[in-house]
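Visitor: Next up, protein-v7.txt (compact mmCIF, N, CA and C atoms).
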# COMPACT_ATOMS: atom_id res chain seq x y z
N MET A 1 12.10 12.88 6.90
CA MET A 1 11.53 11.59 6.63
C MET A 1 10.30 11.29 7.49
N GLN A 2 10.22 11.97 8.63
CA GLN A 2 9.05 11.75 9.47
C GLN A 2 7.78 12.19 8.77
N TYR A 3 7.87 13.26 7.99
CA TYR A 3 6.68 13.75 7.30
C TYR A 3 6.19 12.74 6.27
N PHE A 4 7.14 12.08 5.60
CA PHE A 4 6.75 11.04 4.65
C PHE A 4 6.06 9.89 5.37
N LEU A 5 6.58 9.50 6.53
CA LEU A 5 5.95 8.42 7.29
C LEU A 5 4.56 8.81 7.77
N TYR A 6 4.41 10.06 8.23
CA TYR A 6 3.09 10.53 8.63
C TYR A 6 2.12 10.52 7.45
N LEU A 7 2.59 10.99 6.30
CA LEU A 7 1.75 11.00 5.10
C LEU A 7 1.34 9.58 4.71
N LEU A 8 2.31 8.68 4.70
CA LEU A 8 2.03 7.30 4.32
C LEU A 8 1.06 6.64 5.30
N ALA A 9 1.28 6.83 6.59
CA ALA A 9 0.37 6.24 7.59
C ALA A 9 -1.02 6.86 7.48
N GLY A 10 -1.10 8.15 7.22
CA GLY A 10 -2.41 8.79 7.06
C GLY A 10 -3.16 8.27 5.85
N LEU A 11 -2.45 8.16 4.72
CA LEU A 11 -3.09 7.62 3.52
C LEU A 11 -3.52 6.17 3.72
N TRP A 12 -2.67 5.41 4.41
CA TRP A 12 -2.97 4.02 4.68
C TRP A 12 -4.21 3.91 5.56
N MET A 13 -4.33 4.82 6.54
CA MET A 13 -5.48 4.78 7.44
C MET A 13 -6.75 5.19 6.69
N VAL A 14 -6.67 6.21 5.84
CA VAL A 14 -7.83 6.62 5.05
C VAL A 14 -8.28 5.47 4.14
N TYR A 15 -7.31 4.82 3.49
CA TYR A 15 -7.65 3.69 2.64
C TYR A 15 -8.27 2.54 3.44
N GLY A 16 -7.77 2.32 4.65
CA GLY A 16 -8.35 1.29 5.51
C GLY A 16 -9.79 1.60 5.88
N PHE A 17 -10.08 2.87 6.18
CA PHE A 17 -11.46 3.25 6.49
C PHE A 17 -12.36 3.11 5.28
N ILE A 18 -11.83 3.46 4.09
CA ILE A 18 -12.63 3.27 2.88
C ILE A 18 -12.93 1.79 2.67
N CYS A 19 -11.93 0.94 2.86
CA CYS A 19 -12.15 -0.50 2.71
C CYS A 19 -13.14 -1.03 3.74
N LEU A 20 -13.06 -0.51 4.94
CA LEU A 20 -13.90 -1.01 6.02
C LEU A 20 -15.36 -0.58 5.87
N PHE A 21 -15.57 0.67 5.51
CA PHE A 21 -16.94 1.19 5.50
C PHE A 21 -17.57 1.27 4.10
N PHE A 22 -16.74 1.33 3.06
CA PHE A 22 -17.27 1.44 1.69
C PHE A 22 -16.55 0.45 0.77
N PRO A 23 -16.74 -0.85 0.99
CA PRO A 23 -15.97 -1.82 0.19
C PRO A 23 -16.32 -1.80 -1.30
N TYR A 24 -17.58 -1.52 -1.64
CA TYR A 24 -17.95 -1.50 -3.05
C TYR A 24 -17.30 -0.31 -3.77
N GLN A 25 -17.29 0.85 -3.12
CA GLN A 25 -16.65 2.02 -3.72
C GLN A 25 -15.14 1.83 -3.80
N GLN A 26 -14.56 1.11 -2.86
CA GLN A 26 -13.13 0.85 -2.88
C GLN A 26 -12.74 0.08 -4.13
N LYS A 27 -13.58 -0.86 -4.53
CA LYS A 27 -13.29 -1.64 -5.73
C LYS A 27 -13.32 -0.76 -6.97
N LYS A 28 -14.26 0.19 -7.01
CA LYS A 28 -14.31 1.10 -8.15
C LYS A 28 -13.12 2.05 -8.16
N ILE A 29 -12.70 2.49 -6.97
CA ILE A 29 -11.53 3.38 -6.87
C ILE A 29 -10.28 2.66 -7.35
N ILE A 30 -10.08 1.43 -6.91
CA ILE A 30 -8.90 0.66 -7.30
C ILE A 30 -8.90 0.44 -8.80
N THR A 31 -10.03 0.02 -9.35
CA THR A 31 -10.08 -0.26 -10.79
C THR A 31 -9.79 0.99 -11.60
N SER A 32 -10.40 2.10 -11.23
CA SER A 32 -10.20 3.31 -12.03
C SER A 32 -8.80 3.90 -11.86
N SER A 33 -8.22 3.79 -10.67
CA SER A 33 -6.90 4.39 -10.46
C SER A 33 -5.78 3.53 -11.01
N VAL A 34 -5.88 2.23 -10.90
CA VAL A 34 -4.80 1.36 -11.38
C VAL A 34 -4.69 1.40 -12.90
N TYR A 35 -5.83 1.41 -13.56
CA TYR A 35 -5.79 1.42 -15.01
C TYR A 35 -5.61 2.82 -15.60
N ALA A 36 -5.55 3.85 -14.75
CA ALA A 36 -5.36 5.21 -15.24
C ALA A 36 -3.93 5.45 -15.70
N LEU A 37 -2.97 4.75 -15.11
CA LEU A 37 -1.56 4.88 -15.48
C LEU A 37 -1.04 3.55 -15.98
N PRO A 38 0.03 3.56 -16.78
CA PRO A 38 0.61 2.28 -17.21
C PRO A 38 1.19 1.53 -16.01
N PHE A 39 1.21 0.21 -16.13
CA PHE A 39 1.67 -0.62 -15.02
C PHE A 39 3.12 -0.36 -14.66
N TRP A 40 3.97 -0.07 -15.65
CA TRP A 40 5.38 0.16 -15.34
C TRP A 40 5.54 1.41 -14.48
N LEU A 41 4.66 2.41 -14.66
CA LEU A 41 4.75 3.62 -13.84
C LEU A 41 4.35 3.32 -12.40
N TRP A 42 3.34 2.47 -12.21
CA TRP A 42 2.98 2.03 -10.86
C TRP A 42 4.15 1.29 -10.22
N GLY A 43 4.87 0.51 -11.02
CA GLY A 43 6.04 -0.20 -10.50
C GLY A 43 7.12 0.75 -10.05
N VAL A 44 7.38 1.79 -10.84
CA VAL A 44 8.39 2.77 -10.46
C VAL A 44 7.97 3.51 -9.20
N ILE A 45 6.69 3.90 -9.12
CA ILE A 45 6.20 4.60 -7.93
C ILE A 45 6.34 3.73 -6.69
N SER A 46 5.96 2.48 -6.80
CA SER A 46 6.05 1.56 -5.66
C SER A 46 7.51 1.32 -5.26
N PHE A 47 8.40 1.20 -6.24
CA PHE A 47 9.81 0.99 -5.93
C PHE A 47 10.41 2.22 -5.26
N VAL A 48 10.06 3.40 -5.73
CA VAL A 48 10.57 4.64 -5.12
C VAL A 48 10.04 4.80 -3.70
N VAL A 49 8.77 4.48 -3.49
CA VAL A 49 8.21 4.52 -2.13
C VAL A 49 8.96 3.55 -1.23
N GLY A 50 9.30 2.37 -1.75
CA GLY A 50 10.07 1.41 -0.97
C GLY A 50 11.45 1.94 -0.61
N LEU A 51 12.11 2.62 -1.53
CA LEU A 51 13.42 3.21 -1.24
C LEU A 51 13.31 4.31 -0.18
N ILE A 52 12.31 5.16 -0.32
CA ILE A 52 12.13 6.22 0.67
C ILE A 52 11.81 5.63 2.04
N LEU A 53 10.99 4.59 2.07
CA LEU A 53 10.70 3.92 3.33
C LEU A 53 11.97 3.33 3.95
N TRP A 54 12.80 2.74 3.12
CA TRP A 54 14.03 2.13 3.63
C TRP A 54 14.92 3.18 4.29
N TYR A 55 15.03 4.34 3.66
CA TYR A 55 15.88 5.39 4.21
C TYR A 55 15.23 6.10 5.40
N SER A 56 13.92 6.02 5.53
CA SER A 56 13.26 6.67 6.66
C SER A 56 13.09 5.73 7.85
N ALA A 57 13.65 4.55 7.77
CA ALA A 57 13.51 3.59 8.88
C ALA A 57 14.19 4.09 10.15
N GLY A 58 15.14 4.99 10.01
CA GLY A 58 15.81 5.53 11.20
C GLY A 58 14.95 6.49 11.99
N ALA A 59 13.83 6.91 11.45
CA ALA A 59 12.96 7.87 12.13
C ALA A 59 11.90 7.20 12.99
N VAL A 60 12.01 5.89 13.18
CA VAL A 60 11.04 5.17 13.99
C VAL A 60 11.76 4.41 15.10
N SER A 61 11.02 4.05 16.11
CA SER A 61 11.63 3.33 17.23
C SER A 61 11.80 1.84 16.95
N PHE A 62 11.11 1.31 15.96
CA PHE A 62 11.24 -0.10 15.57
C PHE A 62 11.48 -0.15 14.06
N PRO A 63 12.75 0.04 13.63
CA PRO A 63 13.02 0.17 12.20
C PRO A 63 12.77 -1.09 11.38
N LEU A 64 12.77 -2.25 12.00
CA LEU A 64 12.54 -3.48 11.24
C LEU A 64 11.16 -3.49 10.59
N PHE A 65 10.16 -2.95 11.26
CA PHE A 65 8.81 -2.89 10.71
C PHE A 65 8.79 -2.07 9.42
N VAL A 66 9.44 -0.93 9.44
CA VAL A 66 9.45 -0.05 8.26
C VAL A 66 10.30 -0.68 7.16
N LYS A 67 11.37 -1.35 7.52
CA LYS A 67 12.20 -2.00 6.50
C LYS A 67 11.46 -3.16 5.83
N VAL A 68 10.64 -3.87 6.58
CA VAL A 68 9.82 -4.94 5.98
C VAL A 68 8.81 -4.32 5.02
N LEU A 69 8.18 -3.22 5.43
CA LEU A 69 7.26 -2.53 4.52
C LEU A 69 7.98 -2.04 3.27
N ALA A 70 9.20 -1.54 3.44
CA ALA A 70 9.99 -1.06 2.30
C ALA A 70 10.33 -2.22 1.36
N PHE A 71 10.70 -3.34 1.92
CA PHE A 71 11.02 -4.51 1.11
C PHE A 71 9.80 -4.97 0.31
N LEU A 72 8.64 -5.04 0.98
CA LEU A 72 7.42 -5.46 0.30
C LEU A 72 7.03 -4.48 -0.80
N SER A 73 7.20 -3.20 -0.55
CA SER A 73 6.89 -2.20 -1.57
C SER A 73 7.83 -2.32 -2.75
N GLY A 74 9.11 -2.55 -2.48
CA GLY A 74 10.07 -2.72 -3.56
C GLY A 74 9.79 -3.96 -4.39
N VAL A 75 9.43 -5.06 -3.74
CA VAL A 75 9.10 -6.29 -4.46
C VAL A 75 7.85 -6.08 -5.31
N LYS A 76 6.86 -5.38 -4.75
CA LYS A 76 5.65 -5.09 -5.53
C LYS A 76 5.98 -4.23 -6.74
N GLY A 77 6.87 -3.28 -6.55
CA GLY A 77 7.30 -2.46 -7.68
C GLY A 77 7.99 -3.26 -8.76
N LEU A 78 8.84 -4.19 -8.34
CA LEU A 78 9.51 -5.05 -9.32
C LEU A 78 8.51 -5.96 -10.03
N PHE A 79 7.51 -6.44 -9.30
CA PHE A 79 6.46 -7.24 -9.95
C PHE A 79 5.76 -6.43 -11.03
N PHE A 80 5.39 -5.20 -10.70
CA PHE A 80 4.71 -4.37 -11.69
C PHE A 80 5.62 -4.03 -12.87
N LEU A 81 6.91 -3.96 -12.62
CA LEU A 81 7.84 -3.63 -13.71
C LEU A 81 8.10 -4.81 -14.63
N PHE A 82 8.22 -6.01 -14.07
CA PHE A 82 8.73 -7.13 -14.86
C PHE A 82 7.74 -8.24 -15.16
N LEU A 83 6.62 -8.31 -14.46
CA LEU A 83 5.65 -9.35 -14.77
C LEU A 83 4.90 -8.99 -16.05
N PRO A 84 4.46 -9.99 -16.80
CA PRO A 84 3.68 -9.69 -18.00
C PRO A 84 2.33 -9.07 -17.64
N LYS A 85 1.83 -8.25 -18.54
CA LYS A 85 0.60 -7.51 -18.30
C LYS A 85 -0.60 -8.41 -17.99
N PRO A 86 -0.79 -9.56 -18.67
CA PRO A 86 -1.95 -10.40 -18.32
C PRO A 86 -1.91 -10.92 -16.88
N LEU A 87 -0.72 -11.19 -16.36
CA LEU A 87 -0.62 -11.67 -14.99
C LEU A 87 -0.94 -10.56 -13.99
N ILE A 88 -0.49 -9.34 -14.28
CA ILE A 88 -0.82 -8.21 -13.41
C ILE A 88 -2.31 -7.95 -13.43
N THR A 89 -2.89 -7.99 -14.61
CA THR A 89 -4.34 -7.79 -14.75
C THR A 89 -5.10 -8.86 -13.98
N LYS A 90 -4.61 -10.09 -14.02
CA LYS A 90 -5.26 -11.18 -13.29
C LYS A 90 -5.21 -10.94 -11.78
N MET A 91 -4.06 -10.44 -11.27
CA MET A 91 -3.95 -10.14 -9.83
C MET A 91 -4.88 -9.01 -9.43
N ILE A 92 -4.97 -7.98 -10.27
CA ILE A 92 -5.86 -6.85 -9.96
C ILE A 92 -7.31 -7.31 -10.00
N ASP A 93 -7.66 -8.15 -10.96
CA ASP A 93 -9.03 -8.67 -11.05
C ASP A 93 -9.37 -9.55 -9.85
N TRP A 94 -8.36 -10.26 -9.32
CA TRP A 94 -8.60 -11.07 -8.12
C TRP A 94 -8.95 -10.16 -6.96
N TRP A 95 -8.19 -9.06 -6.79
CA TRP A 95 -8.43 -8.18 -5.66
C TRP A 95 -9.77 -7.46 -5.80
N THR A 96 -10.08 -7.00 -7.01
CA THR A 96 -11.36 -6.31 -7.19
C THR A 96 -12.54 -7.28 -7.17
N GLY A 97 -12.28 -8.55 -7.35
CA GLY A 97 -13.35 -9.55 -7.28
C GLY A 97 -13.49 -10.18 -5.92
N ALA A 98 -12.69 -9.77 -4.95
CA ALA A 98 -12.77 -10.33 -3.61
C ALA A 98 -14.09 -9.94 -2.96
N SER A 99 -14.53 -10.76 -2.03
CA SER A 99 -15.80 -10.48 -1.37
C SER A 99 -15.65 -9.25 -0.46
N GLN A 100 -16.79 -8.70 -0.09
CA GLN A 100 -16.78 -7.52 0.76
C GLN A 100 -16.22 -7.82 2.14
N VAL A 101 -16.38 -9.04 2.60
CA VAL A 101 -15.83 -9.43 3.89
C VAL A 101 -14.31 -9.38 3.86
N VAL A 102 -13.71 -9.88 2.78
CA VAL A 102 -12.25 -9.87 2.65
C VAL A 102 -11.75 -8.43 2.60
N VAL A 103 -12.44 -7.59 1.86
CA VAL A 103 -12.03 -6.18 1.76
C VAL A 103 -12.15 -5.49 3.11
N ARG A 104 -13.19 -5.79 3.85
CA ARG A 104 -13.36 -5.17 5.18
C ARG A 104 -12.31 -5.67 6.17
N ILE A 105 -11.96 -6.93 6.09
CA ILE A 105 -10.89 -7.45 6.95
C ILE A 105 -9.56 -6.77 6.61
N TYR A 106 -9.29 -6.62 5.31
CA TYR A 106 -8.09 -5.91 4.90
C TYR A 106 -8.11 -4.47 5.41
N GLY A 107 -9.27 -3.82 5.37
CA GLY A 107 -9.38 -2.46 5.88
C GLY A 107 -9.06 -2.37 7.36
N ALA A 108 -9.56 -3.33 8.13
CA ALA A 108 -9.27 -3.34 9.57
C ALA A 108 -7.79 -3.56 9.83
N ILE A 109 -7.18 -4.47 9.07
CA ILE A 109 -5.74 -4.71 9.23
C ILE A 109 -4.94 -3.47 8.83
N ALA A 110 -5.35 -2.80 7.76
CA ALA A 110 -4.65 -1.59 7.32
C ALA A 110 -4.74 -0.49 8.37
N ILE A 111 -5.89 -0.35 9.00
CA ILE A 111 -6.04 0.66 10.05
C ILE A 111 -5.13 0.34 11.23
N LEU A 112 -5.08 -0.92 11.63
CA LEU A 112 -4.22 -1.31 12.75
C LEU A 112 -2.74 -1.08 12.43
N LEU A 113 -2.32 -1.44 11.23
CA LEU A 113 -0.92 -1.23 10.86
C LEU A 113 -0.58 0.25 10.74
N ALA A 114 -1.51 1.05 10.24
CA ALA A 114 -1.28 2.50 10.15
C ALA A 114 -1.19 3.10 11.55
N TYR A 115 -2.04 2.65 12.45
CA TYR A 115 -1.97 3.13 13.83
C TYR A 115 -0.62 2.75 14.46
N TYR A 116 -0.17 1.55 14.20
CA TYR A 116 1.12 1.13 14.75
C TYR A 116 2.25 1.99 14.16
N LEU A 117 2.18 2.27 12.87
CA LEU A 117 3.20 3.12 12.26
C LEU A 117 3.17 4.52 12.87
N PHE A 118 1.97 5.06 13.11
CA PHE A 118 1.87 6.35 13.80
C PHE A 118 2.52 6.29 15.18
N SER A 119 2.35 5.19 15.87
CA SER A 119 2.82 5.11 17.25
C SER A 119 4.33 4.90 17.37
N ILE A 120 4.99 4.39 16.34
CA ILE A 120 6.43 4.15 16.46
C ILE A 120 7.28 5.26 15.85
N ILE A 121 6.66 6.27 15.25
CA ILE A 121 7.43 7.39 14.71
C ILE A 121 7.99 8.20 15.87
N ILE A 122 9.28 8.47 15.82
CA ILE A 122 9.96 9.22 16.88
C ILE A 122 9.68 10.70 16.69
N PHE A 123 9.25 11.35 17.75
CA PHE A 123 8.94 12.79 17.66
C PHE A 123 10.18 13.63 17.70
Give the structure from the file, written as structure tokens.
Guide:
Amino acid sequence: MQYFLYLLAGLWMVYGFICLFFPYQQKKIITSSVYALPFWLWGVISFVVGLILWYSAGAVSFPLFVKVLAFLSGVKGLFFLFLPKPLITKMIDWWTGASQVVVRIYGAIAILLAYYLFSIIIF
């Protein structure tokens, strides 16, 4: 499970750097990747990631942090599974329409949270 946490933190950090330094390209990446698959499949992926996170919480020194991330991922997966398509599209359009400052702030927060996740993984 540690490898999954390392992979997730690494991807999260890369995404944070993309948001921080290339906010315009990040919007194009999100738009093209989200609409590439059906929304229900994104929901299943997010829910499975939440389950794996929940079970890997024992591999960190502060499991509550990982369990909160798992809960949020599971809720996001359920949203993608059960919300109507126009509402999901509206949420995605809100995020892709956010200003570059908001995207850069999110990138900085993502980098900090990924760094924290790296630091609490038990070797």
Visitor: Could you list, as number ranges by chain, every residue within 12 Å of region 29-41 of chain A, counting only C-alpha atoms and ignoring same-chain residues fewer than 2 positions away?
Guide: A: 15, 18-19, 22-27, 43-48, 76-89, 91-97, 103
Visitor: Hey, can you spit out that residue selection with N, CA and C atoms as an mmCIF file, in the frame of the given file?
Guide:
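Result saved to result_17.cif:
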data_model
loop_
_atom_site.group_PDB
_atom_site.id
_atom_site.type_symbol
_atom_site.label_atom_id
_atom_site.label_comp_id
_atom_site.auth_asym_id
_atom_site.auth_seq_id
_atom_site.Cartn_x
_atom_site.Cartn_y
_atom_site.Cartn_z
ATOM 1 N N TYR A 15 -7.310 4.820 3.490
ATOM 2 C CA TYR A 15 -7.650 3.690 2.640
ATOM 3 C C TYR A 15 -8.270 2.540 3.440
ATOM 4 N N ILE A 18 -11.830 3.460 4.090
ATOM 5 C CA ILE A 18 -12.630 3.270 2.880
ATOM 6 C C ILE A 18 -12.930 1.790 2.670
ATOM 7 N N CYS A 19 -11.930 0.940 2.860
ATOM 8 C CA CYS A 19 -12.150 -0.500 2.710
ATOM 9 C C CYS A 19 -13.140 -1.030 3.740
ATOM 10 N N PHE A 22 -16.740 1.330 3.060
ATOM 11 C CA PHE A 22 -17.270 1.440 1.690
ATOM 12 C C PHE A 22 -16.550 0.450 0.770
ATOM 13 N N PRO A 23 -16.740 -0.850 0.990
ATOM 14 C CA PRO A 23 -15.970 -1.820 0.190
ATOM 15 C C PRO A 23 -16.320 -1.800 -1.300
ATOM 16 N N TYR A 24 -17.580 -1.520 -1.640
ATOM 17 C CA TYR A 24 -17.950 -1.500 -3.050
ATOM 18 C C TYR A 24 -17.300 -0.310 -3.770
ATOM 19 N N GLN A 25 -17.290 0.850 -3.120
ATOM 20 C CA GLN A 25 -16.650 2.020 -3.720
ATOM 21 C C GLN A 25 -15.140 1.830 -3.800
ATOM 22 N N GLN A 26 -14.560 1.110 -2.860
ATOM 23 C CA GLN A 26 -13.130 0.850 -2.880
ATOM 24 C C GLN A 26 -12.740 0.080 -4.130
ATOM 25 N N LYS A 27 -13.580 -0.860 -4.530
ATOM 26 C CA LYS A 27 -13.290 -1.640 -5.730
ATOM 27 C C LYS A 27 -13.320 -0.760 -6.970
ATOM 28 N N GLY A 43 4.870 0.510 -11.020
ATOM 29 C CA GLY A 43 6.040 -0.200 -10.500
ATOM 30 C C GLY A 43 7.120 0.750 -10.050
ATOM 31 N N VAL A 44 7.380 1.790 -10.840
ATOM 32 C CA VAL A 44 8.390 2.770 -10.460
ATOM 33 C C VAL A 44 7.970 3.510 -9.200
ATOM 34 N N ILE A 45 6.690 3.900 -9.120
ATOM 35 C CA ILE A 45 6.200 4.600 -7.930
ATOM 36 C C ILE A 45 6.340 3.730 -6.690
ATOM 37 N N SER A 46 5.960 2.480 -6.800
ATOM 38 C CA SER A 46 6.050 1.560 -5.660
ATOM 39 C C SER A 46 7.510 1.320 -5.260
ATOM 40 N N PHE A 47 8.400 1.200 -6.240
ATOM 41 C CA PHE A 47 9.810 0.990 -5.930
ATOM 42 C C PHE A 47 10.410 2.220 -5.260
ATOM 43 N N VAL A 48 10.060 3.400 -5.730
ATOM 44 C CA VAL A 48 10.570 4.640 -5.120
ATOM 45 C C VAL A 48 10.040 4.800 -3.700
ATOM 46 N N LYS A 76 6.860 -5.380 -4.750
ATOM 47 C CA LYS A 76 5.650 -5.090 -5.530
ATOM 48 C C LYS A 76 5.980 -4.230 -6.740
ATOM 49 N N GLY A 77 6.870 -3.280 -6.550
ATOM 50 C CA GLY A 77 7.300 -2.460 -7.680
ATOM 51 C C GLY A 77 7.990 -3.260 -8.760
ATOM 52 N N LEU A 78 8.840 -4.190 -8.340
ATOM 53 C CA LEU A 78 9.510 -5.050 -9.320
ATOM 54 C C LEU A 78 8.510 -5.960 -10.030
ATOM 55 N N PHE A 79 7.510 -6.440 -9.300
ATOM 56 C CA PHE A 79 6.460 -7.240 -9.950
ATOM 57 C C PHE A 79 5.760 -6.430 -11.030
ATOM 58 N N PHE A 80 5.390 -5.200 -10.700
ATOM 59 C CA PHE A 80 4.710 -4.370 -11.690
ATOM 60 C C PHE A 80 5.620 -4.030 -12.870
ATOM 61 N N LEU A 81 6.910 -3.960 -12.620
ATOM 62 C CA LEU A 81 7.840 -3.630 -13.710
ATOM 63 C C LEU A 81 8.100 -4.810 -14.630
ATOM 64 N N PHE A 82 8.220 -6.010 -14.070
ATOM 65 C CA PHE A 82 8.730 -7.130 -14.860
ATOM 66 C C PHE A 82 7.740 -8.240 -15.160
ATOM 67 N N LEU A 83 6.620 -8.310 -14.460
ATOM 68 C CA LEU A 83 5.650 -9.350 -14.770
ATOM 69 C C LEU A 83 4.900 -8.990 -16.050
ATOM 70 N N PRO A 84 4.460 -9.990 -16.800
ATOM 71 C CA PRO A 84 3.680 -9.690 -18.000
ATOM 72 C C PRO A 84 2.330 -9.070 -17.640
ATOM 73 N N LYS A 85 1.830 -8.250 -18.540
ATOM 74 C CA LYS A 85 0.600 -7.510 -18.300
ATOM 75 C C LYS A 85 -0.600 -8.410 -17.990
ATOM 76 N N PRO A 86 -0.790 -9.560 -18.670
ATOM 77 C CA PRO A 86 -1.950 -10.400 -18.320
ATOM 78 C C PRO A 86 -1.910 -10.920 -16.880
ATOM 79 N N LEU A 87 -0.720 -11.190 -16.360
ATOM 80 C CA LEU A 87 -0.620 -11.670 -14.990
ATOM 81 C C LEU A 87 -0.940 -10.560 -13.990
ATOM 82 N N ILE A 88 -0.490 -9.340 -14.280
ATOM 83 C CA ILE A 88 -0.820 -8.210 -13.410
ATOM 84 C C ILE A 88 -2.310 -7.950 -13.430
ATOM 85 N N THR A 89 -2.890 -7.990 -14.610
ATOM 86 C CA THR A 89 -4.340 -7.790 -14.750
ATOM 87 C C THR A 89 -5.100 -8.860 -13.980
ATOM 88 N N MET A 91 -4.060 -10.440 -11.270
ATOM 89 C CA MET A 91 -3.950 -10.140 -9.830
ATOM 90 C C MET A 91 -4.880 -9.010 -9.430
ATOM 91 N N ILE A 92 -4.970 -7.980 -10.270
ATOM 92 C CA ILE A 92 -5.860 -6.850 -9.960
ATOM 93 C C ILE A 92 -7.310 -7.310 -10.000
ATOM 94 N N ASP A 93 -7.660 -8.150 -10.960
ATOM 95 C CA ASP A 93 -9.030 -8.670 -11.050
ATOM 96 C C ASP A 93 -9.370 -9.550 -9.850
ATOM 97 N N TRP A 94 -8.360 -10.260 -9.320
ATOM 98 C CA TRP A 94 -8.600 -11.070 -8.120
ATOM 99 C C TRP A 94 -8.950 -10.160 -6.960
ATOM 100 N N TRP A 95 -8.190 -9.060 -6.790
ATOM 101 C CA TRP A 95 -8.430 -8.180 -5.660
ATOM 102 C C TRP A 95 -9.770 -7.460 -5.800
ATOM 103 N N THR A 96 -10.080 -7.000 -7.010
ATOM 104 C CA THR A 96 -11.360 -6.310 -7.190
ATOM 105 C C THR A 96 -12.540 -7.280 -7.170
ATOM 106 N N GLY A 97 -12.280 -8.550 -7.350
ATOM 107 C CA GLY A 97 -13.350 -9.550 -7.280
ATOM 108 C C GLY A 97 -13.490 -10.180 -5.920
ATOM 109 N N VAL A 103 -12.440 -7.590 1.860
ATOM 110 C CA VAL A 103 -12.030 -6.180 1.760
ATOM 111 C C VAL A 103 -12.150 -5.490 3.110
#
Visitor: Using only C-alpha atoms, which protein or nucleic acid residues come within 10 Å of Trp54 (chain A)? Drop anything in the same chain fewer than 3 positions from it, and give the result as a PyMOL selection string.
Guide: chain A and resi 48-51+57-58+63-64+66-71+73-74
Visitor: For Phe21 (chain A), find every residue with an atom within 7 Å (counting all atoms listed in the file), except residues of its own chain fewer than 4 positions away, and show them as number ranges by chain.
Guide: A: 16-17, 104, 107
Visitor: Check the smallest atom-to-atom distance from each of A:Gln2, A:Ile52, A:Ala98, A:Trp12 to Tyr116 (chain A) using only C-alpha atoms, then report the winner.
Guide: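 Under the stated criterion, the closest residue is A:Trp12.
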Visitor: Rounded to one decimal, what separation in Å do you get between CA of Ala59 (chain A) and CA of Phe118 (chain A)?
Guide: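 Taking CA of Ala59 (chain A) as the start and CA of Phe118 (chain A) as the end point, the length is 11.3 Å.
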Visitor: By how many Å are CA of Gln100 (chain A) and CA of Ala9 (chain A) apart?
Guide: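 Interatomic distance here is 23.0 Å.
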Visitor: Write out as a VMD selection string the set of residues from chain A that DSSP, computed on the backbone, places in alpha helix (DSSP H).
Guide: chain A and resid 2 to 21 23 to 34 39 to 55 63 to 82 85 to 96 100 to 120
Visitor: Which residue gives the smallest distance to Phe4 (chain A) among A:Ile120, A:Leu53, A:Leu20, A:Ile105, with only N, CA and C atoms counted?
Guide: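 Closest to Phe4 (chain A) of all the choices is A:Leu53.
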Visitor: To one decimal in Å, tell me the separation between atom N of Gly10 (chain A) and atom N of Tyr115 (chain A).
Guide: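 If I compute the distance from atom N of Gly10 (chain A) to atom N of Tyr115 (chain A), I get 7.6 Å.
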Visitor: So for region 66-84 of chain A, what box centre and size do we get, axis-aligned, 3 Å extra on each of the six sides, every listed atom, Å to one decimal, as lines of an AutoDock Vina configuration file?
Guide:
center_x = 7.3
center_y = -5.0
center_z = -4.3
size_x = 15.9
size_y = 15.9
size_z = 33.4
